[in-house]
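protein29.cif (mmCIF, C-alpha atoms and all ligand atoms)
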data_upload
#
loop_
_atom_site.label_atom_id
_atom_site.label_comp_id
_atom_site.auth_asym_id
_atom_site.auth_seq_id
_atom_site.Cartn_x
_atom_site.Cartn_y
_atom_site.Cartn_z
CA MET A 208 47.74 70.79 -36.41
CA GLY A 209 51.15 69.21 -35.99
CA PHE A 210 54.18 70.85 -34.39
CA SER A 211 55.90 71.84 -37.65
CA THR A 212 52.70 73.28 -39.10
CA ASP A 213 52.22 75.37 -35.96
CA ALA A 214 55.88 76.49 -36.01
CA ILE A 215 55.53 77.72 -39.58
CA HIS A 216 52.01 79.19 -39.41
CA ILE A 217 50.96 80.30 -35.92
CA GLY A 218 51.82 83.97 -35.53
CA GLN A 219 53.48 83.71 -38.96
CA GLU A 220 50.36 84.59 -41.01
CA PRO A 221 50.89 86.93 -44.01
CA ASP A 222 50.96 90.64 -43.20
CA PRO A 223 47.34 91.90 -43.49
CA ALA A 224 48.49 95.34 -44.71
CA THR A 225 50.59 94.17 -47.69
CA GLY A 226 50.29 90.40 -48.07
CA ALA A 227 53.99 89.96 -47.27
CA ILE A 228 54.41 86.27 -46.45
CA ILE A 229 57.05 87.08 -43.86
CA VAL A 230 56.13 88.90 -40.65
CA PRO A 231 57.47 92.47 -41.02
CA ILE A 232 59.96 93.94 -38.57
CA TYR A 233 57.98 96.77 -36.97
CA GLN A 234 60.96 98.94 -36.11
CA THR A 235 58.98 101.63 -34.36
CA SER A 236 58.80 102.98 -30.83
CA THR A 237 55.25 104.33 -30.94
CA PHE A 238 51.95 104.07 -32.84
CA VAL A 239 49.81 106.97 -34.03
CA GLN A 240 46.30 107.05 -32.58
CA GLU A 241 43.33 108.14 -34.69
CA GLU A 242 41.81 110.01 -31.81
CA LEU A 243 42.15 109.92 -28.05
CA GLY A 244 41.84 106.31 -26.92
CA LYS A 245 41.29 104.96 -30.47
CA HIS A 246 44.17 102.84 -31.79
CA LYS A 247 44.88 99.52 -33.54
CA GLY A 248 45.90 97.62 -30.41
CA PHE A 249 49.37 99.10 -30.13
CA GLU A 250 50.33 102.28 -28.27
CA TYR A 251 53.95 102.11 -27.24
CA ALA A 252 56.48 99.44 -28.25
CA ARG A 253 57.72 98.51 -24.77
CA THR A 254 54.16 97.51 -23.89
CA SER A 255 53.53 95.71 -27.16
CA ASN A 256 55.11 95.47 -30.62
CA PRO A 257 53.49 93.62 -33.54
CA THR A 258 56.61 91.58 -34.43
CA ARG A 259 57.15 90.57 -30.81
CA ALA A 260 53.43 89.81 -30.41
CA ARG A 261 53.61 87.40 -33.38
CA LEU A 262 56.57 85.60 -31.82
CA GLU A 263 54.81 85.42 -28.46
CA ARG A 264 51.79 83.79 -30.09
CA ASN A 265 54.01 81.33 -31.92
CA LEU A 266 56.06 80.28 -28.90
CA ALA A 267 52.99 79.95 -26.67
CA ALA A 268 51.54 77.48 -29.18
CA LEU A 269 54.75 75.48 -29.51
CA GLU A 270 55.04 75.07 -25.73
CA GLY A 271 51.38 74.06 -25.49
CA GLY A 272 50.66 77.22 -23.50
CA ARG A 273 48.19 80.09 -23.88
CA PHE A 274 50.43 83.08 -23.18
CA ALA A 275 54.07 83.88 -23.90
CA PHE A 276 56.23 86.91 -23.12
CA ALA A 277 59.46 87.57 -24.99
CA PHE A 278 62.45 89.16 -23.30
CA ALA A 279 65.86 90.58 -24.19
CA SER A 280 67.63 87.41 -22.99
CA GLY A 281 66.99 84.16 -21.19
CA MET A 282 68.21 85.85 -18.02
CA ALA A 283 65.74 88.72 -18.50
CA ALA A 284 62.93 86.17 -18.80
CA ILE A 285 64.03 84.42 -15.60
CA GLN A 286 64.52 87.72 -13.77
CA THR A 287 61.00 88.80 -14.70
CA VAL A 288 59.52 85.48 -13.55
CA MET A 289 61.32 85.96 -10.23
CA MET A 290 59.70 89.39 -9.85
CA LEU A 291 56.42 87.52 -9.30
CA PHE A 292 57.73 86.90 -5.76
CA LYS A 293 58.37 89.22 -2.86
CA SER A 294 60.72 89.74 0.03
CA GLY A 295 60.48 86.84 2.49
CA ASP A 296 59.50 84.28 -0.16
CA HIS A 297 61.54 81.09 -0.46
CA ILE A 298 62.36 79.13 -3.61
CA VAL A 299 63.51 75.53 -3.95
CA ALA A 300 65.85 75.33 -6.94
CA GLY A 301 67.80 72.58 -8.69
CA HIS A 302 71.33 72.13 -7.39
CA ASN A 303 72.86 72.27 -10.84
CA LEU A 304 71.25 75.26 -12.52
CA TYR A 305 72.78 77.27 -15.35
CA GLY A 306 75.50 79.39 -13.69
CA GLY A 307 73.87 82.67 -14.71
CA THR A 308 70.62 81.66 -13.02
CA PHE A 309 72.50 80.68 -9.85
CA ARG A 310 74.34 84.04 -9.97
CA LEU A 311 71.05 85.96 -10.35
CA PHE A 312 69.53 84.09 -7.40
CA GLU A 313 72.53 84.30 -5.08
CA ARG A 314 74.16 87.62 -5.93
CA VAL A 315 71.15 89.72 -6.88
CA LEU A 316 67.82 88.38 -5.64
CA ARG A 317 69.05 87.52 -2.16
CA HIS A 318 69.58 91.27 -1.67
CA PHE A 319 65.86 91.72 -2.31
CA GLY A 320 64.89 89.30 0.45
CA LEU A 321 64.26 86.14 -1.57
CA SER A 322 65.89 83.00 -0.20
CA PHE A 323 66.84 79.80 -1.97
CA THR A 324 67.49 76.18 -1.10
CA TYR A 325 69.28 74.12 -3.73
CA SER A 326 68.41 70.47 -3.87
CA ASN A 327 68.86 67.50 -6.12
CA THR A 328 65.46 67.70 -7.81
CA SER A 329 65.87 64.23 -9.30
CA ARG A 330 65.14 63.04 -5.73
CA LEU A 331 61.62 64.03 -4.71
CA GLU A 332 62.25 63.40 -1.01
CA GLU A 333 65.07 66.00 -1.08
CA VAL A 334 62.74 68.53 -2.64
CA GLU A 335 60.03 67.80 -0.09
CA ARG A 336 62.51 68.23 2.77
CA ALA A 337 63.55 71.63 1.38
CA ILE A 338 59.99 73.04 1.36
CA GLN A 339 59.34 75.70 4.04
CA PRO A 340 56.21 77.61 5.09
CA ARG A 341 57.26 80.58 2.89
CA THR A 342 58.21 78.47 -0.14
CA ARG A 343 56.41 79.70 -3.26
CA LEU A 344 58.22 78.17 -6.22
CA VAL A 345 60.20 75.14 -7.38
CA PHE A 346 62.59 76.06 -10.20
CA ILE A 347 64.26 73.29 -12.22
CA GLU A 348 66.23 72.48 -15.34
CA THR A 349 65.97 69.03 -16.86
CA PRO A 350 68.29 67.67 -18.14
CA THR A 351 70.91 69.62 -16.20
CA ASN A 352 74.01 71.15 -17.68
CA PRO A 353 76.52 69.53 -18.24
CA VAL A 354 75.96 66.20 -16.42
CA MET A 355 72.52 65.59 -17.98
CA GLU A 356 70.68 64.65 -14.79
CA LEU A 357 66.89 64.43 -15.22
CA THR A 358 63.99 65.45 -13.02
CA ASP A 359 60.60 63.76 -13.35
CA ILE A 360 58.53 66.81 -14.31
CA ALA A 361 55.09 65.22 -13.75
CA ALA A 362 56.09 63.93 -10.30
CA ILE A 363 57.66 67.19 -9.16
CA ALA A 364 54.64 69.15 -10.46
CA ARG A 365 52.36 66.95 -8.34
CA LEU A 366 54.55 67.51 -5.30
CA ALA A 367 54.72 71.27 -5.87
CA HIS A 368 50.95 71.53 -6.27
CA GLN A 369 50.28 69.42 -3.15
CA HIS A 370 52.18 72.13 -1.24
CA GLY A 371 50.51 75.01 -3.11
CA LEU A 372 53.72 75.93 -4.98
CA LEU A 373 54.33 76.90 -8.58
CA LEU A 374 56.69 74.86 -10.75
CA ALA A 375 58.92 76.64 -13.27
CA VAL A 376 60.97 74.65 -15.78
CA ASP A 377 63.84 76.05 -17.83
CA ASN A 378 63.31 74.08 -21.05
CA THR A 379 66.25 75.58 -22.97
CA PHE A 380 68.17 72.30 -23.33
CA MET A 381 65.33 70.36 -24.92
CA SER A 382 63.15 72.89 -26.79
CA PRO A 383 59.39 72.33 -26.96
CA TYR A 384 59.89 69.85 -29.80
CA LEU A 385 61.51 67.35 -27.44
CA GLN A 386 59.87 68.22 -24.10
CA ARG A 387 56.69 70.09 -23.13
CA PRO A 388 56.70 70.77 -19.39
CA LEU A 389 53.30 72.55 -19.29
CA GLU A 390 51.63 69.35 -20.50
CA LEU A 391 53.38 67.50 -17.66
CA GLY A 392 51.98 69.91 -15.07
CA ALA A 393 54.50 72.77 -14.91
CA ASP A 394 53.08 76.27 -14.40
CA ILE A 395 55.82 78.32 -16.08
CA VAL A 396 58.28 77.44 -18.84
CA VAL A 397 61.27 79.66 -19.56
CA HIS A 398 63.78 79.53 -22.39
CA SER A 399 66.89 81.19 -23.54
CA THR A 400 65.71 81.60 -27.16
CA THR A 401 69.39 82.29 -27.86
CA LYS A 402 69.75 78.50 -28.08
CA TYR A 403 67.58 75.99 -29.99
CA LEU A 404 64.53 78.22 -30.61
CA ASN A 405 66.57 80.70 -32.63
CA GLY A 406 69.00 77.96 -33.57
CA HIS A 407 71.46 79.98 -35.64
CA SER A 408 73.68 81.58 -32.98
CA ASP A 409 72.82 85.07 -34.20
CA GLY A 410 70.61 86.55 -31.50
CA VAL A 411 70.11 86.70 -27.74
CA GLY A 412 66.60 86.41 -26.31
CA GLY A 413 64.29 84.74 -23.83
CA VAL A 414 60.68 83.78 -23.29
CA ALA A 415 58.32 82.81 -20.47
CA VAL A 416 55.22 80.73 -21.27
CA VAL A 417 52.19 80.08 -19.03
CA ASN A 418 48.63 78.78 -19.22
CA ASP A 419 47.03 80.50 -16.26
CA PRO A 420 45.41 83.86 -17.22
CA GLU A 421 46.14 85.41 -13.82
CA LEU A 422 49.80 84.47 -14.00
CA ALA A 423 49.83 85.81 -17.57
CA ASP A 424 48.37 89.16 -16.44
CA ARG A 425 51.05 89.50 -13.78
CA LEU A 426 53.85 88.61 -16.24
CA LYS A 427 52.45 91.02 -18.84
CA PHE A 428 52.42 93.75 -16.19
CA LEU A 429 56.01 92.93 -15.15
CA GLN A 430 57.22 92.75 -18.76
CA ASN A 431 55.97 96.29 -19.30
CA ALA A 432 56.95 97.58 -15.86
CA GLY A 433 60.52 96.21 -15.99
CA GLY A 434 60.85 96.71 -19.73
CA ALA A 435 63.46 94.01 -20.52
CA ILE A 436 61.71 93.28 -23.83
CA LEU A 437 62.93 91.54 -26.98
CA GLY A 438 63.51 94.01 -29.83
CA PRO A 439 61.64 93.57 -33.12
CA PHE A 440 64.64 92.46 -35.18
CA ASP A 441 65.62 89.83 -32.61
CA ALA A 442 61.99 88.68 -32.43
CA TRP A 443 62.03 88.36 -36.22
CA LEU A 444 65.20 86.24 -36.13
CA VAL A 445 63.52 83.82 -33.72
CA LEU A 446 60.36 83.76 -35.89
CA ARG A 447 62.59 82.78 -38.80
CA GLY A 448 64.64 80.24 -36.84
CA VAL A 449 61.69 78.52 -35.23
CA LYS A 450 60.20 77.52 -38.59
CA THR A 451 62.86 74.81 -38.86
CA LEU A 452 62.84 73.84 -35.18
CA ALA A 453 61.36 70.38 -35.76
CA VAL A 454 63.76 69.37 -38.54
CA ARG A 455 66.72 70.82 -36.67
CA MET A 456 65.82 69.03 -33.43
CA ARG A 457 65.38 65.72 -35.25
CA GLN A 458 68.86 66.11 -36.70
CA HIS A 459 70.37 67.29 -33.39
CA ASP A 460 68.83 64.21 -31.81
CA GLU A 461 70.09 61.83 -34.52
CA ASN A 462 73.59 63.31 -34.41
CA GLY A 463 73.56 63.40 -30.60
CA ARG A 464 72.80 59.68 -30.47
CA ALA A 465 75.50 58.89 -33.04
CA VAL A 466 78.19 60.94 -31.28
CA ALA A 467 77.20 59.57 -27.84
CA GLN A 468 77.37 56.01 -29.10
CA TYR A 469 80.74 56.61 -30.73
CA LEU A 470 82.13 58.17 -27.52
CA ALA A 471 80.67 55.40 -25.33
CA GLY A 472 82.57 52.83 -27.41
CA HIS A 473 85.89 54.73 -27.36
CA PRO A 474 88.53 53.08 -25.14
CA LYS A 475 89.93 56.42 -23.93
CA VAL A 476 86.56 57.90 -22.88
CA LYS A 477 85.79 57.09 -19.25
CA ARG A 478 82.11 58.08 -19.13
CA VAL A 479 79.47 59.63 -21.40
CA ASN A 480 76.54 61.61 -19.98
CA TYR A 481 73.67 61.35 -22.48
CA PRO A 482 70.09 60.40 -21.59
CA GLY A 483 69.74 58.44 -24.84
CA LEU A 484 72.30 55.83 -23.78
CA PRO A 485 70.84 52.78 -22.01
CA SER A 486 73.69 53.21 -19.48
CA HIS A 487 72.23 56.58 -18.36
CA PRO A 488 70.65 55.96 -14.92
CA GLN A 489 67.45 57.76 -15.97
CA HIS A 490 67.18 56.41 -19.51
CA GLU A 491 63.66 55.08 -18.85
CA LEU A 492 62.46 58.46 -17.54
CA ALA A 493 64.06 60.15 -20.56
CA LYS A 494 62.11 57.86 -22.89
CA ARG A 495 58.90 58.61 -21.02
CA GLN A 496 59.14 62.37 -20.64
CA MET A 497 61.07 63.43 -23.75
CA ARG A 498 60.34 62.86 -27.42
CA GLY A 499 64.04 62.36 -28.18
CA PHE A 500 67.30 62.89 -26.37
CA GLY A 501 68.64 65.97 -28.14
CA GLY A 502 72.10 67.17 -28.98
CA MET A 503 73.64 67.94 -25.59
CA LEU A 504 76.15 65.58 -24.01
CA SER A 505 79.31 65.53 -21.95
CA PHE A 506 82.13 63.03 -21.60
CA GLU A 507 85.01 62.33 -19.27
CA THR A 508 88.54 62.44 -20.68
CA GLY A 509 90.21 61.66 -17.34
CA SER A 510 92.27 64.81 -16.75
CA LEU A 511 92.54 68.54 -17.39
CA GLU A 512 95.48 67.85 -19.73
CA ASN A 513 93.40 65.43 -21.79
CA ALA A 514 90.46 67.84 -21.93
CA LYS A 515 92.79 70.64 -23.09
CA THR A 516 94.28 68.40 -25.78
CA VAL A 517 90.84 67.47 -27.13
CA LEU A 518 89.70 71.10 -27.17
CA LYS A 519 92.89 72.22 -28.92
CA SER A 520 92.86 69.41 -31.47
CA VAL A 521 89.30 69.58 -32.81
CA ARG A 522 89.00 71.29 -36.18
CA LEU A 523 85.30 71.13 -37.01
CA CYS A 524 83.87 71.54 -33.50
CA SER A 525 84.30 75.15 -32.32
CA LEU A 526 85.54 75.90 -28.82
CA ALA A 527 82.88 78.29 -27.49
CA GLU A 528 80.27 78.82 -24.79
CA SER A 529 76.56 78.60 -25.68
CA LEU A 530 74.66 75.78 -27.34
CA GLY A 531 71.75 74.94 -29.57
CA GLY A 532 73.04 76.36 -32.85
CA VAL A 533 73.36 74.41 -36.10
CA GLU A 534 77.14 74.31 -35.65
CA THR A 535 78.80 72.00 -33.14
CA LEU A 536 80.24 73.75 -30.10
CA ILE A 537 82.61 72.15 -27.63
CA SER A 538 83.46 73.52 -24.21
CA HIS A 539 85.12 72.87 -20.86
CA PRO A 540 82.47 73.36 -18.13
CA ALA A 541 84.94 73.49 -15.18
CA THR A 542 86.76 76.56 -16.52
CA MET A 543 84.08 78.06 -18.76
CA THR A 544 80.35 77.84 -17.94
CA HIS A 545 80.85 76.56 -14.36
CA ALA A 546 84.01 78.46 -13.36
CA SER A 547 82.05 80.37 -10.69
CA VAL A 548 80.90 77.15 -8.98
CA PRO A 549 83.24 76.35 -6.04
CA PRO A 550 85.61 73.41 -6.85
CA GLU A 551 84.21 71.09 -4.13
CA GLU A 552 80.65 71.74 -5.36
CA ARG A 553 81.79 71.06 -8.94
CA ARG A 554 83.27 67.73 -7.84
CA ARG A 555 80.05 66.83 -6.02
CA LEU A 556 78.06 67.51 -9.19
CA GLY A 557 80.45 65.46 -11.33
CA ILE A 558 81.86 68.47 -13.18
CA THR A 559 85.46 67.26 -13.17
CA GLU A 560 88.46 68.92 -14.80
CA GLY A 561 88.46 66.23 -17.47
CA LEU A 562 84.81 66.76 -18.44
CA VAL A 563 84.14 68.08 -21.96
CA ARG A 564 80.68 69.23 -23.12
CA ILE A 565 79.43 69.12 -26.68
CA SER A 566 76.43 70.85 -28.21
CA VAL A 567 76.14 68.52 -31.19
CA GLY A 568 75.15 70.48 -34.28
CA ILE A 569 73.50 69.33 -37.49
CA GLU A 570 76.57 68.83 -39.65
CA ASP A 571 77.13 65.33 -41.06
CA ALA A 572 77.58 63.04 -38.05
CA GLU A 573 80.45 61.14 -39.75
CA ASP A 574 82.43 64.38 -40.02
CA LEU A 575 81.87 65.19 -36.35
CA ILE A 576 82.90 61.69 -35.32
CA ALA A 577 86.02 61.83 -37.52
CA ASP A 578 86.94 65.16 -35.93
CA LEU A 579 86.52 63.83 -32.39
CA ASP A 580 88.37 60.66 -33.36
CA GLN A 581 91.50 62.47 -34.49
CA ALA A 582 91.37 64.66 -31.34
CA LEU A 583 90.97 61.67 -28.99
CA GLU A 584 93.94 59.94 -30.69
CA ARG A 585 96.12 62.54 -29.03
CA ILE A 586 95.20 61.90 -25.42
CA ASP A 587 96.65 59.37 -22.96
C1 LIG B 601 69.72 76.55 -19.45
C2 LIG B 601 69.95 78.02 -19.66
N1 LIG B 601 69.07 78.89 -19.15
C3 LIG B 601 69.22 80.22 -19.30
C4 LIG B 601 70.31 80.74 -19.97
C5 LIG B 601 70.47 82.23 -20.07
O1 LIG B 601 70.11 82.66 -21.35
P1 LIG B 601 70.70 83.97 -22.05
O2 LIG B 601 72.17 83.73 -22.27
O3 LIG B 601 69.91 84.08 -23.31
O4 LIG B 601 70.46 85.10 -21.11
C6 LIG B 601 71.25 79.87 -20.52
C7 LIG B 601 72.42 80.41 -21.23
O5 LIG B 601 73.38 79.72 -21.52
C8 LIG B 601 71.07 78.47 -20.36
O6 LIG B 601 71.95 77.58 -20.84
#
The structure in this file should be written as structure tokens.
Amino acid sequence: MGFSTDAIHIGQEPDPATGAIIVPIYQTSTFVQEELGKHKGFEYARTSNPTRARLERNLAALEGGRFAFAFASGMAAIQTVMMLFKSGDHIVAGHNLYGGTFRLFERVLRHFGLSFTYSNTSRLEEVERAIQPRTRLVFIETPTNPVMELTDIAAIARLAHQHGLLLAVDNTFMSPYLQRPLELGADIVVHSTTKYLNGHSDGVGGVAVVNDPELADRLKFLQNAGGAILGPFDAWLVLRGVKTLAVRMRQHDENGRAVAQYLAGHPKVKRVNYPGLPSHPQHELAKRQMRGFGGMLSFETGSLENAKTVLKSVRLCSLAESLGGVETLISHPATMTHASVPPEERRRLGITEGLVRISVGIEDAEDLIADLDQALERID
């Protein structure tokens, strides 16, 4: 079946008990057993909950995987994946990860004996140089936030496997509609479902998806042992949101292209970071590895003052962190999402004080462009 059909039907079958077309919210902590050891597949809701189980089936299918595990947040999903490793293990990670992931690695997991080398994963030779005898995992995001740098997933998967390493890809920015890392050779995909999968900015959640049954068994064990599970109502919100994932992503992509093109042609905009523009250095890779370019982009206004003016002047775009909702969000990476990255590192990554990020929503593109146009009028 096609992607939209799967999104609407896999795990979303009518409720066998009542015929309800919508998956019920099983708001229960435990399940009564008929007799000792005889139950309907559910015993205790941390271990397994029917609403969550439906979502896990759905998201596994959409990512082209066999097993999915839903968590209380994207960070909880990543934390649980990292619990697959043990003291002394080494991880090669992208040099421009989501700040919360970097914080988890550096300020929490280092205390448990994991070590990390950050490298520019768009350059395979840098990744290869970073591999050590105790390296177990390569962890990447592609495209990166907010400079939209890409990593060739198939190539890095080959490299990781040559060295006996796992490859994990945080696919939050693209969603499985636009990019399917497992099909390109990745072993683990994680998402903040808070973003495109839910799509309506009304819930926080995360998921990890795998194909390998042994990896799945270990993640299932860790999900239950650690207990950072997604609650049934939040699982239900994602089940609802994901039904429109394909149509939303097509519109995010169409609007993203329109806004990027408008910004690229604006005399006051110094640079636009969007993989869909032919000027993007990895445009060809983007065309090969992604099914569209999505709704995330950033652009250079030239100074902190200009960035502030744009952010203050927009009326339709909302100044807020997060991304992937139907409404357009605009933000200032240097002082918001990337404030904890040291200034010299920010400069090295291209996260200047004049850089503005947009999560382009699915409003009418002309309205978004008109809003940005009146805001850009006001800068030098
Ligand atoms: C790429 C990426 N990964 C992970 C996360 C963390 O997800 P959550 O906020 O759901 O914990 C975020 C949040 O912004 C993100 O942008």
Next on the checklist: Give me the residues near Leu504 (chain A) as a ChimeraX atom specification, where near means some atom within 6 Å (using all atoms listed in the file) and where sequence neighbours in that chain fewer than 4 positions away do not count.
Outcome noted: /A:480-481,564-565
Checklist entry - Between A:Asp441, A:Glu534, A:Glu335, A:Glu270, which has the minimum distance to ligand LIG 601 (chain B) (counting all atoms listed in the file)? => result A:Asp441
Next on the checklist: Using all atoms listed in the file for the distances, tell me which of A:Gly306, A:Arg585, A:Ser322, A:Thr328 is nearest to Thr542 (chain A).
Outcome noted: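 Among the listed residues, A:Gly306 lies closest to Thr542 (chain A).
CA of Pro353 (chain A) is found 7.4 Å from CA of Ile558 (chain A).
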Where does chain A meet ligand LIG 601 (chain B) within 7 Å, residue by residue, with the nearest atom pair and distance in Å to one decimal for each, counting only C-alpha atoms and all ligand atoms, listed by chain and rising number, as a Markdown table?
| residue | atom | partner | partner_atom | distance |
| --- | --- | --- | --- | --- |
| A:Ser280 | CA | B:LIG601 | O3 | 4.0 |
| A:Gly281 | CA | B:LIG601 | O1 | 3.5 |
| A:Met282 | CA | B:LIG601 | O4 | 3.9 |
| A:Ala283 | CA | B:LIG601 | O4 | 6.5 |
| A:Tyr305 | CA | B:LIG601 | C1 | 5.2 |
| A:Gly307 | CA | B:LIG601 | C5 | 6.4 |
| A:Thr308 | CA | B:LIG601 | C3 | 6.6 |
| A:Glu348 | CA | B:LIG601 | C1 | 6.8 |
| A:Asp377 | CA | B:LIG601 | N1 | 6.1 |
| A:Thr379 | CA | B:LIG601 | C1 | 5.0 |
| A:Phe380 | CA | B:LIG601 | C1 | 6.0 |
| A:His398 | CA | B:LIG601 | N1 | 6.2 |
| A:Ser399 | CA | B:LIG601 | O1 | 4.2 |
| A:Thr400 | CA | B:LIG601 | O3 | 6.2 |
| A:Thr401 | CA | B:LIG601 | O3 | 4.9 |
| A:Val411 | CA | B:LIG601 | O3 | 5.2 |
| A:Gly412 | CA | B:LIG601 | O3 | 5.0 |
| A:Gly413 | CA | B:LIG601 | O3 | 5.7 |
| A:Ser529 | CA | B:LIG601 | O5 | 5.4 |
Checklist entry - Excluding same-chain residues fewer than 3 positions from Phe506 (chain A), what lies within 8 Å of it counting only C-alpha atoms, as an NGL selection string? => result :A and (470 or 476-480 or 562-564)
Restricting it to C-alpha atoms, dump the selection as a PDB file, in the coordinates of the input.
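Result written to part.pdb:
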ATOM      1  CA  LEU A 470      82.130  58.170 -27.520  1.00  0.00           C
ATOM      2  CA  VAL A 476      86.560  57.900 -22.880  1.00  0.00           C
ATOM      3  CA  LYS A 477      85.790  57.090 -19.250  1.00  0.00           C
ATOM      4  CA  ARG A 478      82.110  58.080 -19.130  1.00  0.00           C
ATOM      5  CA  VAL A 479      79.470  59.630 -21.400  1.00  0.00           C
ATOM      6  CA  ASN A 480      76.540  61.610 -19.980  1.00  0.00           C
ATOM      7  CA  LEU A 562      84.810  66.760 -18.440  1.00  0.00           C
ATOM      8  CA  VAL A 563      84.140  68.080 -21.960  1.00  0.00           C
ATOM      9  CA  ARG A 564      80.680  69.230 -23.120  1.00  0.00           C
TER      10      ARG A 564
END
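Counting from CA of Ile586 (chain A), the distance to CA of His490 (chain A) is 29.2 Å.
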Checklist entry - Can you tell me how far CA of Ile228 (chain A) sits from CA of Val417 (chain A), in Å to one decimal? => result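 Result for CA of Ile228 (chain A) versus CA of Val417 (chain A): 28.2 Å, one decimal.
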Item to check | Point (58.4, 84.9, -15.4), cut-off 9 Å, counting all atoms listed in the file, residues as a PyMOL selection string | outcome: chain A and resi 276+283-291+375+395-397+414-417+422-423+425-426+429-430
Checklist entry - A:Asn462, A:Thr559, A:Ser382, A:Gln339: which is nearest Glu507 (chain A), counting only C-alpha atoms? => result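 Using only C-alpha atoms, Glu507 (chain A) sits closest to A:Thr559.
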Item to check | Among listed residues A:Cys524, A:Ile363, A:Leu446, A:Val239, nearest Gln219 (chain A) (using all atoms listed in the file) | outcome: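 Closest to Gln219 (chain A), using all atoms listed in the file: A:Leu446.
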Next on the checklist: I'd like the neighbourhood of Ala364 (chain A) as an MDAnalysis selection string, where a residue qualifies if any of its atoms comes within 9 Å (using only C-alpha atoms), though same-chain residues fewer than 6 positions away should be ignored.
Outcome noted: chainID A and resid 345 372:374 391:394
Item to check | Non-local contacts of Tyr325 (chain A) (7 Å; only C-alpha atoms; under 2 positions in same chain excluded) as an MDAnalysis selection string | outcome: chainID A and resid 299:302 323
Around all listed atoms of region 229-233 of chain A, padded 3 Å per side, what centre and edge lengths does the axis-aligned box have in Å to one decimal, as AutoDock Vina command-line options?
--center_x 58.0 --center_y 91.9 --center_z -40.4 --size_x 9.8 --size_y 15.7 --size_z 12.9
Checklist entry - Of the candidates A:Leu385, A:Leu243, A:Pro420, A:Pro439, which one gets nearest to Glu263 (chain A) if we count all atoms listed in the file? => result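 Nearest to Glu263 (chain A): A:Pro439.
Look at Asp574 (chain A): the protein and nucleic acid residues within 12 Å of it, using only C-alpha atoms and passing over chain neighbours fewer than 2 places away, are Asn462, Ala465, Val466, Val521, Arg522, Leu523, Cys524, Thr535, Val567, Gly568, Ile569, Glu570, Asp571, Ala572, Ile576, Ala577, Asp578, Leu579, Asp580 and Gln581 of chain A.
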